[in-house]
Each structure stands twice: as structure tokens, then as C-alpha cells.
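Printed here is input22.tsv (TSV, C-alpha atoms):
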```tsv
chain	number	residue	atom	x	y	z
R	123	MET	CA	-22.29	5.59	-31.07
R	124	ASN	CA	-24.91	5.64	-28.29
R	125	LYS	CA	-24.22	4.63	-24.70
R	126	LYS	CA	-25.78	1.19	-24.99
R	127	ASN	CA	-23.65	0.44	-28.06
R	128	GLU	CA	-20.55	1.72	-26.28
R	129	LEU	CA	-21.16	-0.61	-23.35
R	130	ASN	CA	-21.93	-3.53	-25.65
R	131	GLU	CA	-18.73	-2.85	-27.58
R	132	LEU	CA	-16.72	-2.85	-24.35
R	133	ASN	CA	-18.36	-6.08	-23.17
R	134	ASP	CA	-17.68	-7.68	-26.55
R	135	TRP	CA	-14.07	-6.55	-26.43
R	136	ILE	CA	-13.64	-8.00	-22.92
R	137	ALA	CA	-15.19	-11.31	-24.02
R	138	THR	CA	-12.85	-11.45	-27.03
R	139	HIS	CA	-9.60	-10.16	-25.55
R	140	CYS	CA	-9.78	-11.20	-21.90
R	141	GLU	CA	-9.93	-14.97	-21.91
R	142	GLU	CA	-10.54	-14.92	-18.15
R	143	PHE	CA	-13.98	-13.43	-18.87
R	144	ALA	CA	-14.77	-15.12	-22.18
R	145	ASP	CA	-17.10	-17.75	-20.70
R	146	VAL	CA	-18.43	-15.74	-17.77
R	147	PRO	CA	-22.23	-15.43	-17.97
R	148	ASP	CA	-23.53	-11.87	-18.34
R	149	GLN	CA	-25.27	-12.00	-14.94
R	150	THR	CA	-22.05	-12.99	-13.19
R	151	ARG	CA	-20.09	-10.32	-15.03
R	152	GLY	CA	-22.72	-7.74	-14.05
R	153	ALA	CA	-22.61	-8.87	-10.42
R	154	ALA	CA	-18.81	-8.47	-10.45
R	155	TYR	CA	-19.12	-4.94	-11.82
R	156	LEU	CA	-21.75	-3.96	-9.27
R	157	TYR	CA	-19.76	-5.52	-6.43
R	158	MET	CA	-16.68	-3.52	-7.37
R	159	VAL	CA	-18.68	-0.28	-7.41
R	160	LEU	CA	-20.21	-0.97	-3.99
R	161	TRP	CA	-16.90	-2.01	-2.46
R	162	SER	CA	-15.21	1.06	-3.92
R	163	VAL	CA	-17.76	3.34	-2.25
R	164	PHE	CA	-17.35	1.49	1.08
R	165	ASP	CA	-13.56	1.72	0.76
R	166	GLY	CA	-13.74	5.44	0.07
R	167	ARG	CA	-16.12	6.19	2.92
R	168	TYR	CA	-14.64	4.03	5.64
R	169	LEU	CA	-11.16	2.81	4.68
R	170	GLU	CA	-9.69	6.03	3.30
R	171	HIS	CA	-9.34	4.48	-0.19
R	172	SER	CA	-6.62	2.17	1.09
R	173	GLY	CA	-8.07	-1.18	0.03
R	174	SER	CA	-6.04	-2.78	2.80
R	175	ARG	CA	-6.84	-5.48	5.32
R	176	GLU	CA	-5.20	-3.34	8.00
R	177	ALA	CA	-7.56	-0.43	7.33
R	178	LEU	CA	-10.51	-2.82	7.41
R	179	MET	CA	-9.44	-4.22	10.78
R	180	LEU	CA	-8.92	-0.70	12.17
R	181	TYR	CA	-12.42	0.14	11.00
R	182	ALA	CA	-13.74	-3.06	12.61
R	183	GLU	CA	-12.35	-1.86	15.95
R	184	THR	CA	-14.76	1.09	15.79
R	185	LEU	CA	-17.84	-1.15	15.57
R	186	PRO	CA	-20.08	-1.10	18.63
R	187	GLU	CA	-20.09	-4.10	20.94
R	188	GLN	CA	-23.82	-4.69	20.39
R	189	ILE	CA	-24.78	-5.22	16.77
R	190	GLU	CA	-28.10	-6.33	15.30
R	191	ILE	CA	-27.13	-9.26	13.09
R	192	THR	CA	-30.59	-10.00	11.63
R	193	PRO	CA	-30.03	-8.15	8.30
R	194	PHE	CA	-26.78	-10.09	7.83
R	195	GLU	CA	-28.06	-13.57	8.70
R	196	PRO	CA	-28.91	-14.78	5.16
R	197	HIS	CA	-25.38	-13.90	4.05
R	198	LEU	CA	-23.83	-15.33	7.19
R	199	ASP	CA	-25.66	-18.63	6.63
R	200	TYR	CA	-24.74	-18.68	2.94
R	201	PHE	CA	-21.02	-18.10	3.49
R	202	ARG	CA	-20.77	-20.47	6.45
R	203	LYS	CA	-22.23	-23.25	4.30
R	204	ARG	CA	-20.12	-22.28	1.30
R	205	LEU	CA	-16.87	-22.20	3.25
R	206	ALA	CA	-17.52	-25.18	5.53
R	207	GLY	CA	-15.77	-27.80	3.39
R	208	GLY	CA	-12.49	-25.92	3.24
R	209	HIS	CA	-12.06	-26.00	-0.55
R	210	HIS	CA	-13.96	-22.76	-1.13
R	211	LEU	CA	-12.27	-21.17	1.88
R	212	ARG	CA	-8.87	-21.92	0.35
R	213	ASP	CA	-9.99	-20.36	-2.95
R	214	LEU	CA	-11.37	-17.31	-1.14
R	215	VAL	CA	-8.44	-16.50	1.13
R	216	GLY	CA	-5.47	-17.80	-0.83
R	217	GLU	CA	-2.38	-17.02	1.23
R	218	ASP	CA	-4.15	-14.57	3.55
R	219	TYR	CA	-3.65	-16.76	6.59
R	220	ASN	CA	-4.99	-14.13	9.00
R	221	SER	CA	-8.37	-14.14	7.25
R	222	ARG	CA	-8.33	-17.92	6.97
R	223	ASP	CA	-7.59	-18.34	10.68
R	224	TYR	CA	-10.30	-15.86	11.65
R	225	LEU	CA	-12.93	-17.55	9.47
R	226	ARG	CA	-12.00	-20.95	10.92
R	227	SER	CA	-11.95	-19.69	14.50
R	228	PRO	CA	-14.75	-19.62	17.08
R	229	CYS	CA	-15.01	-15.88	16.32
R	230	PHE	CA	-16.97	-16.71	13.18
R	231	SER	CA	-18.99	-19.58	14.59
R	232	ALA	CA	-22.72	-19.56	15.27
R	233	LEU	CA	-21.89	-19.10	18.96
R	234	ALA	CA	-19.76	-16.00	18.43
R	235	ASP	CA	-21.03	-12.57	19.32
R	236	HIS	CA	-22.62	-10.55	16.53
R	237	ARG	CA	-19.75	-8.09	16.28
R	238	GLU	CA	-17.25	-10.90	15.64
R	239	GLN	CA	-19.57	-12.44	13.07
R	240	LEU	CA	-19.87	-9.11	11.27
R	241	ILE	CA	-16.08	-8.79	11.21
R	242	GLY	CA	-15.96	-12.24	9.58
R	243	LEU	CA	-18.41	-11.08	6.92
R	244	MET	CA	-16.29	-7.98	6.33
R	245	LEU	CA	-13.25	-10.21	5.84
R	246	ILE	CA	-15.15	-12.37	3.34
R	247	SER	CA	-16.26	-9.28	1.48
R	248	TYR	CA	-12.71	-7.95	1.53
R	249	ARG	CA	-11.36	-11.23	0.13
R	250	LEU	CA	-13.95	-11.18	-2.67
R	251	ARG	CA	-12.69	-7.70	-3.50
R	252	CYS	CA	-9.05	-8.80	-3.41
R	253	ASN	CA	-9.75	-11.77	-5.62
R	254	LEU	CA	-11.41	-9.59	-8.24
R	255	VAL	CA	-8.93	-6.72	-8.14
R	256	HIS	CA	-5.79	-8.85	-8.01
R	257	GLY	CA	-7.00	-11.54	-10.37
R	258	ASP	CA	-7.02	-14.44	-7.91
R	259	LYS	CA	-10.59	-15.37	-8.86
R	260	TYR	CA	-9.50	-15.88	-12.43
R	261	ARG	CA	-7.41	-18.92	-11.41
R	262	VAL	CA	-10.51	-20.81	-10.32
R	263	GLY	CA	-12.85	-18.95	-12.64
R	264	LEU	CA	-15.71	-16.54	-12.23
R	265	ARG	CA	-18.23	-18.79	-13.92
R	266	ASP	CA	-19.79	-20.09	-10.65
R	267	GLN	CA	-19.30	-16.90	-8.63
R	268	TYR	CA	-22.70	-15.31	-9.21
R	269	ASP	CA	-24.09	-16.23	-5.78
R	270	ASN	CA	-20.89	-15.16	-4.02
R	271	LEU	CA	-20.91	-11.83	-5.81
R	272	VAL	CA	-24.60	-11.15	-5.20
R	273	HIS	CA	-24.17	-11.93	-1.50
R	274	GLY	CA	-21.08	-9.71	-1.57
R	275	CYS	CA	-23.16	-6.90	-3.13
R	276	GLN	CA	-25.82	-7.31	-0.46
R	277	LEU	CA	-23.16	-7.22	2.27
R	278	ALA	CA	-21.56	-4.10	0.81
R	279	LYS	CA	-24.99	-2.49	0.64
R	280	LEU	CA	-25.61	-3.32	4.31
R	281	PHE	CA	-22.16	-2.02	5.25
R	282	LEU	CA	-22.96	1.22	3.46
R	283	GLU	CA	-26.31	1.46	5.20
R	284	GLU	CA	-24.49	0.86	8.47
R	285	ALA	CA	-27.08	-1.76	9.32
R	286	TRP	CA	-25.48	-2.46	12.71
R	287	ARG	CA	-26.53	0.90	14.06
R	288	PRO	CA	-29.50	0.92	16.42
R	289	LYS	CA	-32.72	2.08	14.80
R	290	ASN	CA	-35.11	4.77	16.02
R	291	THR	CA	-38.87	4.25	16.16
R	292	ASP	CA	-39.38	4.98	12.44
R	293	GLY	CA	-36.75	2.39	11.42
R	294	ARG	CA	-34.00	4.82	10.41
R	295	ALA	CA	-30.50	4.31	11.79
R	296	LEU	CA	-29.60	6.59	14.63
R	297	THR	CA	-26.69	8.92	14.07
R	298	TRP	CA	-23.68	8.43	16.32
R	299	ASP	CA	-24.65	11.41	18.48
R	300	GLN	CA	-28.19	10.01	19.03
R	301	GLU	CA	-27.02	6.69	20.47
```

Please express what this file holds, its structure, as C-alpha cells.
Amino acid sequence: MNKKNELNELNDWIATHCEEFADVPDQTRGAAYLYMVLWSVFDGRYLEHSGSREALMLYAETLPEQIEITPFEPHLDYFRKRLAGGHHLRDLVGEDYNSRDYLRSPCFSALADHREQLIGLMLISYRLRCNLVHGDKYRVGLRDQYDNLVHGCQLAKLFLEEAWRPKNTDGRALTWDQE
């Protein structure tokens, strides 16, 4: 069997034997897979493979006070709109009241400083990860999660690029010792 057939067989098996995924469009399923890969790399590089909220918040404490938020703005706008009504926020955070309170607080508002906004985006990304890994997303379904997952992938990519670092004249991020 070639690699493409192996992957198709696995996808077919998931669609047949995992009712939670049976009606999930291929694009959404692919976005979920890619998101999990990106988050896994971020977790390994910066959270010591812990997958914990505590490790994420310890990492957030290391962020500089001044952060360029421009690369994050499309995702910030998207998630603010998505979570504004409360229903999607409840689905995202479940019983993680610390994340819920942070995302409802002035820390995540348009008036908050960029560092606090970035921490909010990290919490959203973390909750997307938790919902996929622990199955919480399956309660409400993955069918309409494509946009959330693609924004989550873009956020994870930016986290991995360390987009908050100041840039030098050629546009590359400065290393910590150059700042």
C-alpha cells in the first residue's frame, strides 16, 4: 500500500469508527490535524511538553512588556467577535473559569496593552488545544470549527515565529541578546 492509500484508509476508518468525526468536512479535519502539529511543536519548545495552563502562564510572564501586535490583529479581531456573545466563549473554555475570566476582563479588551492581548490569544489557542485533545469540542461538534482552527494554526505559527520580538532592519526577529 502506498502512503496516499495508507492515509486514505486511516481517514476512512476514522470516518467509519469515530462518529465524532463522521460528518466533519475534510478541510476542517485537516485544519484540526495541522493545528495539533503546530501546537505540539509550540508546547515542546516553550512549555516543556507539559500541555498545562500553568506552564503557558509561566511562559507568558517571560514576554516583553512591549509587543508588536500587528501580526496578531486579524486573529484578535476574529476571536473577539466570535466570543463576544458568550455562547462561543462558554463552548471554548468549558469549566476553565480562569481563562473565561481573563477573556472577559479588560485585559483582553481593545484598550488593553498588547502583551495582555497576546496572553489572551495564547489562552484561546490553549483552549482550542484542550478541546481537541480532551474531546470537549466533540460535544458541540467540529463541523463549524474550520475558521477557529485555521486562526488557531495562524496563531501557533506566529507564536513559533516569536512575532512579538522586535525586528532588525531586514525584517528578521532579533535574538534575545541583540535586543

Subject >> Atom-to-atom span, atom CA of Glu142 of chain R and atom CA of Leu254 of chain R, Å >> reply: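 Those two atoms sit 11.3 Å apart.
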
**OP:** Fewer than 2 positions away in the same chain doesn't count, so skip those; otherwise give me all residues within 12 Å of segment 200-206 of chain R, counting only C-alpha atoms, as a PyMOL selection string.
**Re:** chain R and resi 194-198+208-215+222+225-227+230-232+239-240+242-247+250+267+269-274+276-277

Original post:
Quick one: residues within 9 Å of segment 165-173 of chain R, all atoms listed in the file counted, chain neighbours fewer than 3 positions away excluded, as a PyMOL selection string?
Top reply: chain R and resi 160-162+176-178+180-181+248+251-252+282

Selection export as a PDB file, keeping the file's coordinate frame, atoms kept: C-alpha atoms:
```
ATOM      1  CA  LEU R 160     -20.210  -0.970  -3.990  1.00  0.00           C
ATOM      2  CA  TRP R 161     -16.900  -2.010  -2.460  1.00  0.00           C
ATOM      3  CA  SER R 162     -15.210   1.060  -3.920  1.00  0.00           C
ATOM      4  CA  GLU R 176      -5.200  -3.340   8.000  1.00  0.00           C
ATOM      5  CA  ALA R 177      -7.560  -0.430   7.330  1.00  0.00           C
ATOM      6  CA  LEU R 178     -10.510  -2.820   7.410  1.00  0.00           C
ATOM      7  CA  LEU R 180      -8.920  -0.700  12.170  1.00  0.00           C
ATOM      8  CA  TYR R 181     -12.420   0.140  11.000  1.00  0.00           C
ATOM      9  CA  TYR R 248     -12.710  -7.950   1.530  1.00  0.00           C
ATOM     10  CA  ARG R 251     -12.690  -7.700  -3.500  1.00  0.00           C
ATOM     11  CA  CYS R 252      -9.050  -8.800  -3.410  1.00  0.00           C
ATOM     12  CA  LEU R 282     -22.960   1.220   3.460  1.00  0.00           C
TER      13      LEU R 282
END
```

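Atom CA of Leu280 of chain R sits 10.7 Å away from atom CA of Ile191 of chain R.
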
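Atom CA of Gly263 of chain R to atom CA of Glu128 of chain R spans 25.9 Å [interatomic distance, one decimal].
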
Within 12 Å of Arg151 of chain R using all atoms listed in the file, minus same-chain residues under 3 positions, as a PDB file with C-alpha atoms, in the frame of the given file:
```pdb
ATOM      1  CA  ASN R 133     -18.360  -6.080 -23.170  1.00  0.00           C
ATOM      2  CA  ILE R 136     -13.640  -8.000 -22.920  1.00  0.00           C
ATOM      3  CA  ALA R 137     -15.190 -11.310 -24.020  1.00  0.00           C
ATOM      4  CA  GLU R 142     -10.540 -14.920 -18.150  1.00  0.00           C
ATOM      5  CA  PHE R 143     -13.980 -13.430 -18.870  1.00  0.00           C
ATOM      6  CA  ALA R 144     -14.770 -15.120 -22.180  1.00  0.00           C
ATOM      7  CA  ASP R 145     -17.100 -17.750 -20.700  1.00  0.00           C
ATOM      8  CA  VAL R 146     -18.430 -15.740 -17.770  1.00  0.00           C
ATOM      9  CA  PRO R 147     -22.230 -15.430 -17.970  1.00  0.00           C
ATOM     10  CA  ASP R 148     -23.530 -11.870 -18.340  1.00  0.00           C
ATOM     11  CA  ALA R 154     -18.810  -8.470 -10.450  1.00  0.00           C
ATOM     12  CA  TYR R 155     -19.120  -4.940 -11.820  1.00  0.00           C
ATOM     13  CA  LEU R 156     -21.750  -3.960  -9.270  1.00  0.00           C
ATOM     14  CA  TYR R 157     -19.760  -5.520  -6.430  1.00  0.00           C
ATOM     15  CA  MET R 158     -16.680  -3.520  -7.370  1.00  0.00           C
ATOM     16  CA  LEU R 254     -11.410  -9.590  -8.240  1.00  0.00           C
ATOM     17  CA  GLY R 263     -12.850 -18.950 -12.640  1.00  0.00           C
ATOM     18  CA  LEU R 264     -15.710 -16.540 -12.230  1.00  0.00           C
ATOM     19  CA  ARG R 265     -18.230 -18.790 -13.920  1.00  0.00           C
ATOM     20  CA  ASP R 266     -19.790 -20.090 -10.650  1.00  0.00           C
ATOM     21  CA  GLN R 267     -19.300 -16.900  -8.630  1.00  0.00           C
ATOM     22  CA  TYR R 268     -22.700 -15.310  -9.210  1.00  0.00           C
ATOM     23  CA  ASP R 269     -24.090 -16.230  -5.780  1.00  0.00           C
ATOM     24  CA  LEU R 271     -20.910 -11.830  -5.810  1.00  0.00           C
ATOM     25  CA  VAL R 272     -24.600 -11.150  -5.200  1.00  0.00           C
TER      26      VAL R 272
END
```
